[in-house]
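**Student:** So that you have it, the file is run14.cif, and it contains mmCIF, C-alpha atoms; chains and numbers go by the auth columns:
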data_target
#
loop_
_atom_site.group_PDB
_atom_site.id
_atom_site.type_symbol
_atom_site.label_atom_id
_atom_site.label_comp_id
_atom_site.label_asym_id
_atom_site.label_seq_id
_atom_site.Cartn_x
_atom_site.Cartn_y
_atom_site.Cartn_z
_atom_site.B_iso_or_equiv
_atom_site.auth_seq_id
_atom_site.auth_asym_id
ATOM 1 C CA MET A 1 76.700 -17.377 -147.543 0.00 771 A
ATOM 2 C CA SER A 2 73.203 -18.662 -147.404 0.00 772 A
ATOM 3 C CA ARG A 3 70.149 -16.546 -148.020 0.00 773 A
ATOM 4 C CA LYS A 4 68.936 -16.883 -144.410 0.00 774 A
ATOM 5 C CA ALA A 5 72.268 -15.657 -143.034 0.00 775 A
ATOM 6 C CA TYR A 6 72.182 -12.757 -145.463 0.00 776 A
ATOM 7 C CA HIS A 7 68.789 -11.652 -144.171 0.00 777 A
ATOM 8 C CA TYR A 8 69.951 -11.903 -140.603 0.00 778 A
ATOM 9 C CA SER A 9 73.018 -9.762 -141.282 0.00 779 A
ATOM 10 C CA GLU A 10 70.916 -7.152 -143.109 0.00 780 A
ATOM 11 C CA ALA A 11 68.408 -6.955 -140.244 0.00 781 A
ATOM 12 C CA ALA A 12 71.220 -6.581 -137.738 0.00 782 A
ATOM 13 C CA SER A 13 72.778 -3.735 -139.714 0.00 783 A
ATOM 14 C CA GLN A 14 69.420 -1.928 -139.904 0.00 784 A
ATOM 15 C CA ALA A 15 68.861 -2.371 -136.165 0.00 785 A
ATOM 16 C CA SER A 16 72.242 -0.907 -135.404 0.00 786 A
ATOM 17 C CA ASN A 17 71.269 2.272 -137.270 0.00 787 A
ATOM 18 C CA ILE A 18 68.157 2.905 -135.045 0.00 788 A
ATOM 19 C CA VAL A 19 68.656 5.809 -132.634 0.00 789 A
ATOM 20 C CA PHE A 20 67.392 4.943 -129.124 0.00 790 A
ATOM 21 C CA LYS A 21 65.877 7.841 -127.123 0.00 791 A
ATOM 22 C CA GLN A 22 64.222 8.017 -123.724 0.00 792 A
ATOM 23 C CA PRO A 23 60.592 9.256 -123.685 0.00 793 A
ATOM 24 C CA SER A 24 60.006 12.782 -122.446 0.00 794 A
ATOM 25 C CA SER A 25 58.926 13.119 -118.819 0.00 795 A
ATOM 26 C CA LEU A 26 57.000 16.360 -119.456 0.00 796 A
ATOM 27 C CA LYS A 27 53.185 16.327 -119.295 0.00 797 A
ATOM 28 C CA PRO A 28 51.318 16.849 -122.582 0.00 798 A
ATOM 29 C CA SER A 29 50.119 20.383 -123.152 0.00 799 A
ATOM 30 C CA GLY A 30 46.821 19.425 -124.830 0.00 800 A
ATOM 31 C CA LYS A 31 44.119 16.829 -124.177 0.00 801 A
ATOM 32 C CA THR A 32 45.027 13.205 -124.435 0.00 802 A
ATOM 33 C CA LEU A 33 43.180 10.760 -126.666 0.00 803 A
ATOM 34 C CA ILE A 34 41.416 9.255 -123.666 0.00 804 A
ATOM 35 C CA GLN A 35 40.134 12.652 -122.539 0.00 805 A
ATOM 36 C CA GLN A 36 38.942 13.508 -126.053 0.00 806 A
ATOM 37 C CA ALA A 37 37.084 10.179 -126.266 0.00 807 A
ATOM 38 C CA GLN A 38 35.415 10.823 -122.904 0.00 808 A
ATOM 39 C CA ASN A 39 34.285 14.301 -124.008 0.00 809 A
ATOM 40 C CA CYS A 40 32.816 12.932 -127.225 0.00 810 A
ATOM 41 C CA GLU A 41 30.949 10.214 -125.345 0.00 811 A
ATOM 42 C CA SER A 42 29.465 12.668 -122.834 0.00 812 A
ATOM 43 C CA ALA A 43 28.396 15.022 -125.626 0.00 813 A
ATOM 44 C CA SER A 44 26.679 12.221 -127.517 0.00 814 A
ATOM 45 C CA ASN A 45 24.802 11.132 -124.390 0.00 815 A
ATOM 46 C CA ALA A 46 23.611 14.687 -123.729 0.00 816 A
ATOM 47 C CA LEU A 47 21.973 15.002 -127.152 0.00 817 A
ATOM 48 C CA PRO A 48 18.315 13.779 -127.313 0.00 818 A
ATOM 49 C CA GLU A 49 17.540 10.926 -129.611 0.00 819 A
ATOM 50 C CA LYS A 50 15.908 12.101 -132.786 0.00 820 A
ATOM 51 C CA GLN A 51 12.882 10.188 -133.932 0.00 821 A
ATOM 52 C CA PRO A 52 10.646 10.843 -136.909 0.00 822 A
ATOM 53 C CA ALA A 53 7.587 12.926 -136.139 0.00 823 A
ATOM 54 C CA THR A 54 5.379 10.571 -138.092 0.00 824 A
ATOM 55 C CA SER A 55 6.343 7.614 -135.952 0.00 825 A
ATOM 56 C CA LEU A 56 5.694 9.588 -132.772 0.00 826 A
ATOM 57 C CA SER A 57 2.281 10.703 -133.977 0.00 827 A
ATOM 58 C CA THR A 58 1.299 7.253 -135.124 0.00 828 A
ATOM 59 C CA ASP A 59 2.422 5.725 -131.838 0.00 829 A
ATOM 60 C CA ALA A 60 0.466 8.322 -129.866 0.00 830 A
ATOM 61 C CA ASN A 61 -2.626 7.810 -131.986 0.00 831 A
ATOM 62 C CA SER A 62 -2.383 4.048 -131.734 0.00 832 A
ATOM 63 C CA THR A 63 -1.953 4.111 -127.950 0.00 833 A
ATOM 64 C CA SER A 64 -4.731 6.664 -127.422 0.00 834 A
ATOM 65 C CA THR A 65 -7.406 5.391 -129.783 0.00 835 A
ATOM 66 C CA SER A 66 -6.858 1.681 -130.201 0.00 836 A
ATOM 67 C CA PRO A 67 -7.555 0.584 -126.593 0.00 837 A
ATOM 68 C CA SER A 68 -10.662 2.779 -126.278 0.00 838 A
ATOM 69 C CA GLN A 69 -12.081 1.564 -129.587 0.00 839 A
ATOM 70 C CA THR A 70 -11.403 -2.046 -128.655 0.00 840 A
ATOM 71 C CA THR A 71 -13.087 -1.582 -125.282 0.00 841 A
ATOM 72 C CA ALA A 72 -16.068 0.117 -126.914 0.00 842 A
ATOM 73 C CA LEU A 73 -16.423 -2.716 -129.419 0.00 843 A
ATOM 74 C CA ILE A 74 -16.298 -5.391 -126.704 0.00 844 A
ATOM 75 C CA THR A 75 -18.808 -3.467 -124.579 0.00 845 A
ATOM 76 C CA THR A 76 -21.112 -3.094 -127.569 0.00 846 A
ATOM 77 C CA LEU A 77 -20.972 -6.815 -128.303 0.00 847 A
ATOM 78 C CA LEU A 78 -21.821 -7.591 -124.692 0.00 848 A
ATOM 79 C CA TYR A 79 -24.471 -4.942 -124.048 0.00 849 A
ATOM 80 C CA SER A 80 -26.443 -4.745 -127.283 0.00 850 A
ATOM 81 C CA PRO A 81 -27.729 -8.370 -127.324 0.00 851 A
ATOM 82 C CA THR A 82 -28.573 -8.137 -123.618 0.00 852 A
ATOM 83 C CA LEU A 83 -30.465 -4.877 -124.030 0.00 853 A
ATOM 84 C CA THR A 84 -32.212 -6.263 -127.103 0.00 854 A
ATOM 85 C CA LEU A 85 -33.409 -9.340 -125.231 0.00 855 A
ATOM 86 C CA LEU A 86 -34.489 -7.182 -122.298 0.00 856 A
ATOM 87 C CA HIS A 87 -36.425 -4.841 -124.580 0.00 857 A
ATOM 88 C CA PHE A 88 -38.098 -7.758 -126.313 0.00 858 A
ATOM 89 C CA THR A 89 -39.057 -9.268 -122.939 0.00 859 A
ATOM 90 C CA PHE A 90 -40.595 -5.988 -121.791 0.00 860 A
ATOM 91 C CA HIS A 91 -42.474 -5.767 -125.074 0.00 861 A
ATOM 92 C CA ILE A 92 -43.956 -9.237 -124.579 0.00 862 A
ATOM 93 C CA LEU A 93 -44.917 -8.374 -120.992 0.00 863 A
ATOM 94 C CA VAL A 94 -46.690 -5.189 -122.063 0.00 864 A
ATOM 95 C CA LEU A 95 -48.573 -7.030 -124.794 0.00 865 A
ATOM 96 C CA HIS A 96 -49.560 -9.702 -122.316 0.00 866 A
ATOM 97 C CA GLN A 97 -50.729 -7.075 -119.832 0.00 867 A
ATOM 98 C CA TYR A 98 -53.049 -5.455 -122.366 0.00 868 A
ATOM 99 C CA SER A 99 -54.174 -8.820 -123.841 0.00 869 A
ATOM 100 C CA GLN A 100 -52.614 -8.043 -127.217 0.00 870 A
ATOM 101 C CA LEU A 101 -50.180 -10.949 -127.284 0.00 871 A
ATOM 102 C CA GLY A 102 -52.525 -13.477 -128.877 0.00 872 A
ATOM 103 C CA SER A 103 -53.677 -11.147 -131.639 0.00 873 A
ATOM 104 C CA SER A 104 -50.125 -10.127 -132.501 0.00 874 A
ATOM 105 C CA LEU A 105 -48.956 -13.735 -132.721 0.00 875 A
ATOM 106 C CA THR A 106 -51.871 -14.906 -134.869 0.00 876 A
ATOM 107 C CA SER A 107 -51.715 -11.986 -137.281 0.00 877 A
ATOM 108 C CA SER A 108 -49.278 -13.791 -139.604 0.00 878 A
ATOM 109 C CA SER A 109 -50.376 -16.545 -141.940 0.00 879 A
ATOM 110 C CA SER A 110 -47.633 -19.043 -141.098 0.00 880 A
ATOM 111 C CA ASN A 111 -45.023 -19.700 -138.458 0.00 881 A
ATOM 112 C CA ARG A 112 -42.192 -19.072 -140.916 0.00 882 A
ATOM 113 C CA THR A 113 -43.512 -15.656 -141.838 0.00 883 A
ATOM 114 C CA LEU A 114 -44.045 -14.883 -138.158 0.00 884 A
ATOM 115 C CA LEU A 115 -40.479 -15.906 -137.312 0.00 885 A
ATOM 116 C CA LEU A 116 -38.961 -13.846 -140.134 0.00 886 A
ATOM 117 C CA SER A 117 -40.999 -10.783 -139.259 0.00 887 A
ATOM 118 C CA LEU A 118 -40.091 -11.159 -135.604 0.00 888 A
ATOM 119 C CA LEU A 119 -36.355 -11.461 -136.362 0.00 889 A
ATOM 120 C CA TRP A 120 -36.484 -8.453 -138.666 0.00 890 A
ATOM 121 C CA GLN A 121 -38.296 -6.422 -136.029 0.00 891 A
ATOM 122 C CA ILE A 122 -35.698 -7.368 -133.403 0.00 892 A
ATOM 123 C CA LEU A 123 -32.810 -6.487 -135.723 0.00 893 A
ATOM 124 C CA ARG A 124 -34.236 -3.225 -137.003 0.00 894 A
ATOM 125 C CA GLN A 125 -35.935 -1.827 -133.907 0.00 895 A
ATOM 126 C CA TYR A 126 -33.839 -3.183 -131.055 0.00 896 A
ATOM 127 C CA LEU A 127 -30.372 -4.525 -131.881 0.00 897 A
ATOM 128 C CA LEU A 128 -29.004 -1.860 -134.238 0.00 898 A
ATOM 129 C CA PRO A 129 -30.166 1.180 -132.210 0.00 899 A
ATOM 130 C CA TYR A 130 -28.781 -0.236 -128.969 0.00 900 A
ATOM 131 C CA ALA A 131 -25.485 -1.208 -130.620 0.00 901 A
ATOM 132 C CA ILE A 132 -25.044 2.310 -132.045 0.00 902 A
ATOM 133 C CA LEU A 133 -26.000 3.933 -128.728 0.00 903 A
ATOM 134 C CA VAL A 134 -23.619 1.837 -126.612 0.00 904 A
ATOM 135 C CA TYR A 135 -20.753 2.220 -129.078 0.00 905 A
ATOM 136 C CA VAL A 136 -21.116 6.002 -129.285 0.00 906 A
ATOM 137 C CA VAL A 137 -21.292 6.370 -125.507 0.00 907 A
ATOM 138 C CA HIS A 138 -18.148 4.287 -124.902 0.00 908 A
ATOM 139 C CA THR A 139 -15.999 5.920 -127.596 0.00 909 A
ATOM 140 C CA PRO A 140 -14.248 9.337 -127.291 0.00 910 A
ATOM 141 C CA PHE A 141 -17.154 11.139 -129.014 0.00 911 A
ATOM 142 C CA PHE A 142 -18.258 12.274 -125.529 0.00 912 A
ATOM 143 C CA PRO A 143 -15.100 12.965 -123.483 0.00 913 A
ATOM 144 C CA PHE A 144 -17.030 13.901 -120.329 0.00 914 A
ATOM 145 C CA LEU A 145 -18.439 10.366 -120.128 0.00 915 A
ATOM 146 C CA HIS A 146 -14.907 9.046 -119.537 0.00 916 A
ATOM 147 C CA ARG A 147 -14.578 11.011 -116.302 0.00 917 A
ATOM 148 C CA PRO A 148 -16.033 8.996 -113.418 0.00 918 A
ATOM 149 C CA ARG A 149 -17.829 11.861 -111.655 0.00 919 A
ATOM 150 C CA LEU A 150 -19.323 13.407 -114.788 0.00 920 A
ATOM 151 C CA ARG A 151 -20.240 9.947 -116.043 0.00 921 A
ATOM 152 C CA ASP A 152 -22.173 9.161 -112.856 0.00 922 A
ATOM 153 C CA ILE A 153 -23.924 12.526 -112.963 0.00 923 A
ATOM 154 C CA SER A 154 -24.942 12.087 -116.609 0.00 924 A
ATOM 155 C CA PHE A 155 -26.326 8.585 -116.166 0.00 925 A
ATOM 156 C CA THR A 156 -28.014 9.555 -112.899 0.00 926 A
ATOM 157 C CA ILE A 157 -29.889 12.387 -114.610 0.00 927 A
ATOM 158 C CA ALA A 158 -30.839 10.114 -117.515 0.00 928 A
ATOM 159 C CA SER A 159 -32.054 7.371 -115.162 0.00 929 A
ATOM 160 C CA ILE A 160 -34.147 9.846 -113.140 0.00 930 A
ATOM 161 C CA VAL A 161 -35.775 11.164 -116.306 0.00 931 A
ATOM 162 C CA ALA A 162 -36.429 7.637 -117.584 0.00 932 A
ATOM 163 C CA GLY A 163 -37.818 6.438 -114.247 0.00 933 A
ATOM 164 C CA CYS A 164 -40.145 9.404 -113.830 0.00 934 A
ATOM 165 C CA THR A 165 -41.291 9.081 -117.444 0.00 935 A
ATOM 166 C CA LEU A 166 -42.046 5.398 -117.013 0.00 936 A
ATOM 167 C CA MET A 167 -43.917 6.110 -113.772 0.00 937 A
ATOM 168 C CA ARG A 168 -46.054 8.774 -115.463 0.00 938 A
ATOM 169 C CA MET A 169 -46.721 6.573 -118.504 0.00 939 A
ATOM 170 C CA SER A 170 -47.882 3.655 -116.398 0.00 940 A
ATOM 171 C CA TYR A 171 -50.614 5.831 -114.838 0.00 941 A
ATOM 172 C CA ARG A 172 -51.477 8.516 -117.375 0.00 942 A
ATOM 173 C CA ALA A 173 -50.559 7.263 -120.874 0.00 943 A
ATOM 174 C CA PRO A 174 -52.977 5.261 -123.054 0.00 944 A
ATOM 175 C CA TYR A 175 -52.205 1.633 -123.786 0.00 945 A
ATOM 176 C CA LEU A 176 -50.928 2.328 -127.323 0.00 946 A
ATOM 177 C CA GLU A 177 -48.297 4.674 -125.948 0.00 947 A
ATOM 178 C CA MET A 178 -47.403 2.099 -123.317 0.00 948 A
ATOM 179 C CA VAL A 179 -46.969 -0.606 -125.944 0.00 949 A
ATOM 180 C CA ASP A 180 -44.788 1.609 -128.151 0.00 950 A
ATOM 181 C CA LYS A 181 -42.657 3.495 -125.630 0.00 951 A
ATOM 182 C CA ALA A 182 -42.667 1.743 -122.260 0.00 952 A
ATOM 183 C CA PRO A 183 -40.293 -1.150 -123.199 0.00 953 A
ATOM 184 C CA ALA A 184 -37.676 1.241 -124.589 0.00 954 A
ATOM 185 C CA VAL A 185 -37.890 3.582 -121.587 0.00 955 A
ATOM 186 C CA ALA A 186 -37.626 0.685 -119.130 0.00 956 A
ATOM 187 C CA THR A 187 -34.622 -0.757 -120.989 0.00 957 A
ATOM 188 C CA LEU A 188 -32.803 2.583 -121.028 0.00 958 A
ATOM 189 C CA TRP A 189 -33.607 3.023 -117.348 0.00 959 A
ATOM 190 C CA LEU A 190 -31.966 -0.268 -116.419 0.00 960 A
ATOM 191 C CA TRP A 191 -29.004 0.412 -118.691 0.00 961 A
ATOM 192 C CA CYS A 192 -28.369 3.738 -116.966 0.00 962 A
ATOM 193 C CA VAL A 193 -28.497 1.987 -113.602 0.00 963 A
ATOM 194 C CA LEU A 194 -25.866 -0.500 -114.786 0.00 964 A
ATOM 195 C CA GLU A 195 -23.577 2.257 -116.058 0.00 965 A
ATOM 196 C CA MET A 196 -23.578 4.508 -112.987 0.00 966 A
ATOM 197 C CA GLY A 197 -22.226 3.948 -109.483 0.00 967 A
ATOM 198 C CA ILE A 198 -23.959 3.065 -106.262 0.00 968 A
ATOM 199 C CA GLY A 199 -24.272 6.714 -105.233 0.00 969 A
ATOM 200 C CA GLY A 200 -26.106 7.623 -108.419 0.00 970 A
ATOM 201 C CA ALA A 201 -28.386 4.601 -108.035 0.00 971 A
ATOM 202 C CA MET A 202 -29.377 5.683 -104.534 0.00 972 A
ATOM 203 C CA ALA A 203 -30.011 9.232 -105.752 0.00 973 A
ATOM 204 C CA MET A 204 -32.125 7.892 -108.602 0.00 974 A
ATOM 205 C CA ILE A 205 -34.234 5.764 -106.247 0.00 975 A
ATOM 206 C CA GLY A 206 -34.842 8.753 -103.995 0.00 976 A
ATOM 207 C CA ALA A 207 -35.760 11.045 -106.905 0.00 977 A
ATOM 208 C CA VAL A 208 -38.138 8.580 -108.587 0.00 978 A
ATOM 209 C CA GLY A 209 -39.685 7.640 -105.249 0.00 979 A
ATOM 210 C CA GLY A 210 -40.209 11.312 -104.413 0.00 980 A
ATOM 211 C CA PHE A 211 -41.761 11.897 -107.833 0.00 981 A
ATOM 212 C CA ALA A 212 -44.163 8.997 -107.349 0.00 982 A
ATOM 213 C CA TRP A 213 -45.075 10.163 -103.837 0.00 983 A
ATOM 214 C CA TRP A 214 -45.616 13.770 -104.925 0.00 984 A
ATOM 215 C CA PHE A 215 -48.038 12.855 -107.706 0.00 985 A
ATOM 216 C CA GLY A 216 -49.728 10.092 -105.748 0.00 986 A
ATOM 217 C CA TYR A 217 -48.381 7.250 -107.861 0.00 987 A
ATOM 218 C CA GLY A 218 -47.757 3.781 -106.466 0.00 988 A
ATOM 219 C CA PHE A 219 -46.286 0.542 -107.673 0.00 989 A
ATOM 220 C CA ARG A 220 -48.758 -1.867 -109.182 0.00 990 A
#
Since I need it in another form, could you write the structure as C-alpha coordinates?
**Tutor:**
Amino acid sequence: MSRKAYHYSEAASQASNIVFKQPSSLKPSGKTLIQQAQNCESASNALPEKQPATSLSTDANSTSTSPSQTTALITTLLYSPTLTLLHFTFHILVLHQYSQLGSSLTSSSSNRTLLLSLLWQILRQYLLPYAILVYVVHTPFFPFLHRPRLRDISFTIASIVAGCTLMRMSYRAPYLEMVDKAPAVATLWLWCVLEMGIGGAMAMIGAVGGFAWWFGYGFR
(Lines of atoms letter the chains of each structure in order from A and count residues from 1; the text may use other names and numbers.)
(Lines give C-alpha, C1' and ligand atoms only; values in the text may rest on other atoms or scores of the structure.)
Protein backbone atom coordinates (compact mmCIF):
# COMPACT_ATOMS: atom_id res chain seq x y z
CA MET A 1 0.00 0.00 0.00
CA SER A 2 1.48 3.24 -1.09
CA ARG A 3 1.86 6.25 1.15
CA LYS A 4 -0.65 8.32 -0.86
CA ALA A 5 -3.32 5.62 -0.56
CA TYR A 6 -2.64 5.40 3.16
CA HIS A 7 -3.28 9.11 3.59
CA TYR A 8 -6.47 8.90 1.61
CA SER A 9 -7.79 6.03 3.72
CA GLU A 10 -6.90 7.86 6.94
CA ALA A 11 -8.67 11.04 5.80
CA ALA A 12 -11.74 9.04 4.82
CA SER A 13 -11.88 7.35 8.22
CA GLN A 14 -11.63 10.72 9.99
CA ALA A 15 -14.38 12.19 7.80
CA SER A 16 -16.66 9.31 8.61
CA ASN A 17 -16.34 10.12 12.33
CA ILE A 18 -17.61 13.75 11.89
CA VAL A 19 -21.14 14.23 13.24
CA PHE A 20 -23.30 16.26 10.81
CA LYS A 21 -25.91 18.57 12.41
CA GLN A 22 -28.36 21.06 10.96
CA PRO A 23 -27.95 24.69 12.13
CA SER A 24 -30.49 25.98 14.63
CA SER A 25 -33.36 28.00 13.19
CA LEU A 26 -33.82 30.04 16.39
CA LYS A 27 -32.86 33.74 16.39
CA PRO A 28 -29.84 34.73 18.50
CA SER A 29 -30.70 36.13 21.90
CA GLY A 30 -27.91 38.75 21.98
CA LYS A 31 -26.46 41.21 19.47
CA THR A 32 -24.78 39.86 16.40
CA LEU A 33 -21.24 40.77 15.41
CA ILE A 34 -22.53 43.08 12.68
CA GLN A 35 -24.72 44.99 15.14
CA GLN A 36 -21.85 45.31 17.63
CA ALA A 37 -19.57 46.66 14.88
CA GLN A 38 -22.21 49.21 13.86
CA ASN A 39 -22.62 50.40 17.47
CA CYS A 40 -18.87 50.81 17.88
CA GLU A 41 -18.62 52.78 14.65
CA SER A 42 -21.46 55.14 15.61
CA ALA A 43 -19.94 55.70 19.06
CA SER A 44 -16.55 56.54 17.58
CA ASN A 45 -18.11 59.03 15.16
CA ALA A 46 -20.01 60.75 17.98
CA LEU A 47 -16.84 61.46 19.97
CA PRO A 48 -15.09 64.78 19.09
CA GLU A 49 -11.60 64.60 17.74
CA LYS A 50 -9.05 65.47 20.35
CA GLN A 51 -6.33 67.85 19.33
CA PRO A 52 -3.52 69.29 21.41
CA ALA A 53 -4.29 72.66 22.95
CA THR A 54 -0.92 74.00 21.90
CA SER A 55 -1.57 73.30 18.25
CA LEU A 56 -4.98 74.98 18.45
CA SER A 57 -3.53 78.06 20.11
CA THR A 58 -0.66 78.31 17.68
CA ASP A 59 -3.00 77.92 14.72
CA ALA A 60 -5.32 80.61 16.09
CA ASN A 61 -2.43 82.96 16.76
CA SER A 62 -0.93 82.37 13.34
CA THR A 63 -4.24 82.95 11.55
CA SER A 64 -5.10 86.04 13.60
CA THR A 65 -1.77 87.84 13.71
CA SER A 66 0.18 86.79 10.66
CA PRO A 67 -2.11 88.27 7.97
CA SER A 68 -2.53 91.58 9.83
CA GLN A 69 1.20 91.94 10.41
CA THR A 70 1.94 91.13 6.79
CA THR A 71 -0.61 93.67 5.60
CA ALA A 72 0.79 96.30 7.97
CA LEU A 73 4.32 95.66 6.72
CA ILE A 74 3.29 95.95 3.06
CA THR A 75 1.32 99.13 3.78
CA THR A 76 4.29 100.60 5.63
CA LEU A 77 6.62 99.85 2.73
CA LEU A 78 4.22 101.52 0.32
CA TYR A 79 3.18 104.53 2.40
CA SER A 80 6.34 105.60 4.21
CA PRO A 81 8.45 106.41 1.10
CA THR A 82 5.49 108.21 -0.48
CA LEU A 83 4.83 110.29 2.63
CA THR A 84 8.54 111.00 2.96
CA LEU A 85 8.78 112.29 -0.60
CA LEU A 86 5.62 114.34 -0.11
CA HIS A 87 6.96 115.86 3.10
CA PHE A 88 10.26 116.68 1.44
CA THR A 89 8.43 118.31 -1.49
CA PHE A 90 6.36 120.46 0.86
CA HIS A 91 9.52 121.43 2.71
CA ILE A 92 11.17 122.58 -0.52
CA LEU A 93 8.05 124.54 -1.48
CA VAL A 94 7.93 126.32 1.87
CA LEU A 95 11.61 127.20 1.65
CA HIS A 96 11.09 128.49 -1.86
CA GLN A 97 8.11 130.56 -0.74
CA TYR A 98 10.11 132.30 1.97
CA SER A 99 13.25 132.62 -0.21
CA GLN A 100 15.26 130.33 2.06
CA LEU A 101 16.00 127.65 -0.52
CA GLY A 102 19.19 129.19 -1.88
CA SER A 103 20.72 129.84 1.53
CA SER A 104 19.95 126.32 2.74
CA LEU A 105 21.51 124.74 -0.34
CA THR A 106 24.68 126.84 -0.24
CA SER A 107 25.27 126.39 3.48
CA SER A 108 27.37 123.24 2.96
CA SER A 109 30.93 123.37 1.73
CA SER A 110 30.63 120.68 -0.94
CA ASN A 111 28.00 118.79 -2.88
CA ARG A 112 28.96 115.51 -1.22
CA THR A 113 28.48 116.92 2.25
CA LEU A 114 25.20 118.48 1.15
CA LEU A 115 23.96 115.17 -0.26
CA LEU A 116 24.91 113.21 2.87
CA SER A 117 23.31 115.74 5.18
CA LEU A 118 20.18 115.78 3.05
CA LEU A 119 19.90 111.97 3.04
CA TRP A 120 20.43 111.83 6.79
CA GLN A 121 17.78 114.48 7.34
CA ILE A 122 15.31 112.57 5.16
CA LEU A 123 16.01 109.30 6.97
CA ARG A 124 15.93 110.70 10.49
CA GLN A 125 13.17 113.30 10.25
CA TYR A 126 10.84 111.88 7.62
CA LEU A 127 11.18 108.19 6.75
CA LEU A 128 11.50 106.56 10.18
CA PRO A 129 8.70 108.55 11.88
CA TYR A 130 6.27 107.91 9.03
CA ALA A 131 7.17 104.21 8.89
CA ILE A 132 6.57 103.81 12.64
CA LEU A 133 3.31 105.78 12.47
CA VAL A 134 1.86 103.81 9.54
CA TYR A 135 2.92 100.46 10.99
CA VAL A 136 1.41 101.18 14.41
CA VAL A 137 -1.87 102.38 12.90
CA HIS A 138 -2.27 99.29 10.69
CA THR A 139 -1.41 96.71 13.37
CA PRO A 140 -3.78 95.50 16.15
CA PHE A 141 -2.37 98.04 18.65
CA PHE A 142 -5.50 100.14 17.98
CA PRO A 143 -8.43 97.72 17.49
CA PHE A 144 -10.96 100.50 16.83
CA LEU A 145 -9.05 101.50 13.69
CA HIS A 146 -9.92 98.12 12.15
CA ARG A 147 -13.64 98.88 12.28
CA PRO A 148 -14.68 100.80 9.16
CA ARG A 149 -17.00 103.30 10.86
CA LEU A 150 -14.70 104.09 13.78
CA ARG A 151 -11.75 104.25 11.39
CA ASP A 152 -13.49 106.85 9.21
CA ILE A 153 -14.50 108.88 12.25
CA SER A 154 -10.96 108.85 13.67
CA PHE A 155 -9.28 109.90 10.44
CA THR A 156 -11.98 112.48 9.75
CA ILE A 157 -11.37 114.15 13.11
CA ALA A 158 -7.60 114.05 12.56
CA SER A 159 -7.92 115.51 9.06
CA ILE A 160 -10.18 118.33 10.30
CA VAL A 161 -7.71 119.21 13.04
CA ALA A 162 -4.79 119.11 10.60
CA GLY A 163 -6.61 121.17 7.97
CA CYS A 164 -7.70 123.85 10.42
CA THR A 165 -4.21 123.97 11.93
CA LEU A 166 -2.61 124.39 8.53
CA MET A 167 -5.12 127.11 7.63
CA ARG A 168 -4.37 129.02 10.84
CA MET A 169 -0.60 128.61 10.42
CA SER A 170 -0.64 129.94 6.88
CA TYR A 171 -2.20 133.22 8.10
CA ARG A 172 -1.11 133.68 11.70
CA ALA A 173 2.14 131.75 12.28
CA PRO A 174 5.59 133.27 11.67
CA TYR A 175 7.70 131.93 8.83
CA LEU A 176 9.96 129.86 11.12
CA GLU A 177 6.95 127.96 12.42
CA MET A 178 5.73 127.50 8.87
CA VAL A 179 9.08 126.09 7.77
CA ASP A 180 9.25 123.68 10.71
CA LYS A 181 5.65 122.50 11.07
CA ALA A 182 3.67 123.20 7.91
CA PRO A 183 5.15 120.35 5.76
CA ALA A 184 4.44 117.75 8.45
CA VAL A 185 0.89 119.00 9.04
CA ALA A 186 0.14 119.06 5.31
CA THR A 187 1.52 115.53 4.87
CA LEU A 188 -0.55 114.16 7.75
CA TRP A 189 -3.60 115.94 6.37
CA LEU A 190 -3.28 114.24 3.00
CA TRP A 191 -2.54 110.88 4.61
CA CYS A 192 -5.74 111.10 6.65
CA VAL A 193 -7.68 111.90 3.49
CA LEU A 194 -6.26 108.79 1.82
CA GLU A 195 -7.15 106.58 4.78
CA MET A 196 -10.78 107.63 5.25
CA GLY A 197 -13.82 107.19 3.02
CA ILE A 198 -15.59 109.59 0.73
CA GLY A 199 -18.09 110.57 3.43
CA GLY A 200 -15.35 111.60 5.83
CA ALA A 201 -13.59 113.55 3.07
CA MET A 202 -16.74 115.53 2.34
CA ALA A 203 -17.23 116.23 6.05
CA MET A 204 -13.62 117.36 6.33
CA ILE A 205 -13.97 119.75 3.38
CA GLY A 206 -17.10 121.26 4.92
CA ALA A 207 -15.49 121.64 8.36
CA VAL A 208 -12.25 123.20 7.10
CA GLY A 209 -14.15 125.45 4.70
CA GLY A 210 -16.44 126.59 7.51
CA PHE A 211 -13.42 127.25 9.73
CA ALA A 212 -11.77 129.35 7.03
CA TRP A 213 -15.00 131.27 6.37
CA TRP A 214 -15.64 131.92 10.07
CA PHE A 215 -12.21 133.41 10.69
CA GLY A 216 -12.05 135.22 7.38
CA TYR A 217 -9.32 133.06 5.88
CA GLY A 218 -9.02 132.43 2.16
CA PHE A 219 -6.90 130.34 -0.13
CA ARG A 220 -3.80 132.04 -1.43
**Student:** Let me have the centre and edge lengths of the axis-aligned box enclosing all listed atoms of range 957-968 of chain A with 3 Å padding on every side, in Å to one decimal, as lines of an AutoDock Vina configuration file.
**Tutor:**
center_x = -28.4
center_y = 1.9
center_z = -113.6
size_x = 18.4
size_y = 11.3
size_z = 20.8
**Student:** For Phe925 in chain A, work out the shell of residues within 8 Å, counting all atoms listed in the file and skipping chain neighbours fewer than 3 positions away, then give it as a PyMOL selection string.
**Tutor:** chain A and resi 921-922+928-929+962-963+965-966+970
**Student:** Just to confirm, what's the straight-line distance from CA of Ile892 in chain A to CA of Leu853 in chain A in Å (one decimal)?
**Tutor:**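 It comes out at 11.0 Å.
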**Student:** I need the output of the PyMOL selection byres ((chain A and resi 856-861) around 7) for this file as a ChimeraX atom specification; which residues are they?
**Tutor:** /A:852-855,862-865,949,953-954,957
**Student:** Pick from A:Ser887, A:Val955, A:Ile968, A:Thr841: nearest to Thr935 in chain A, with only C-alpha atoms counted?
**Tutor:**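 Residue with the minimum atom-to-atom distance to Thr935 in chain A: A:Val955.
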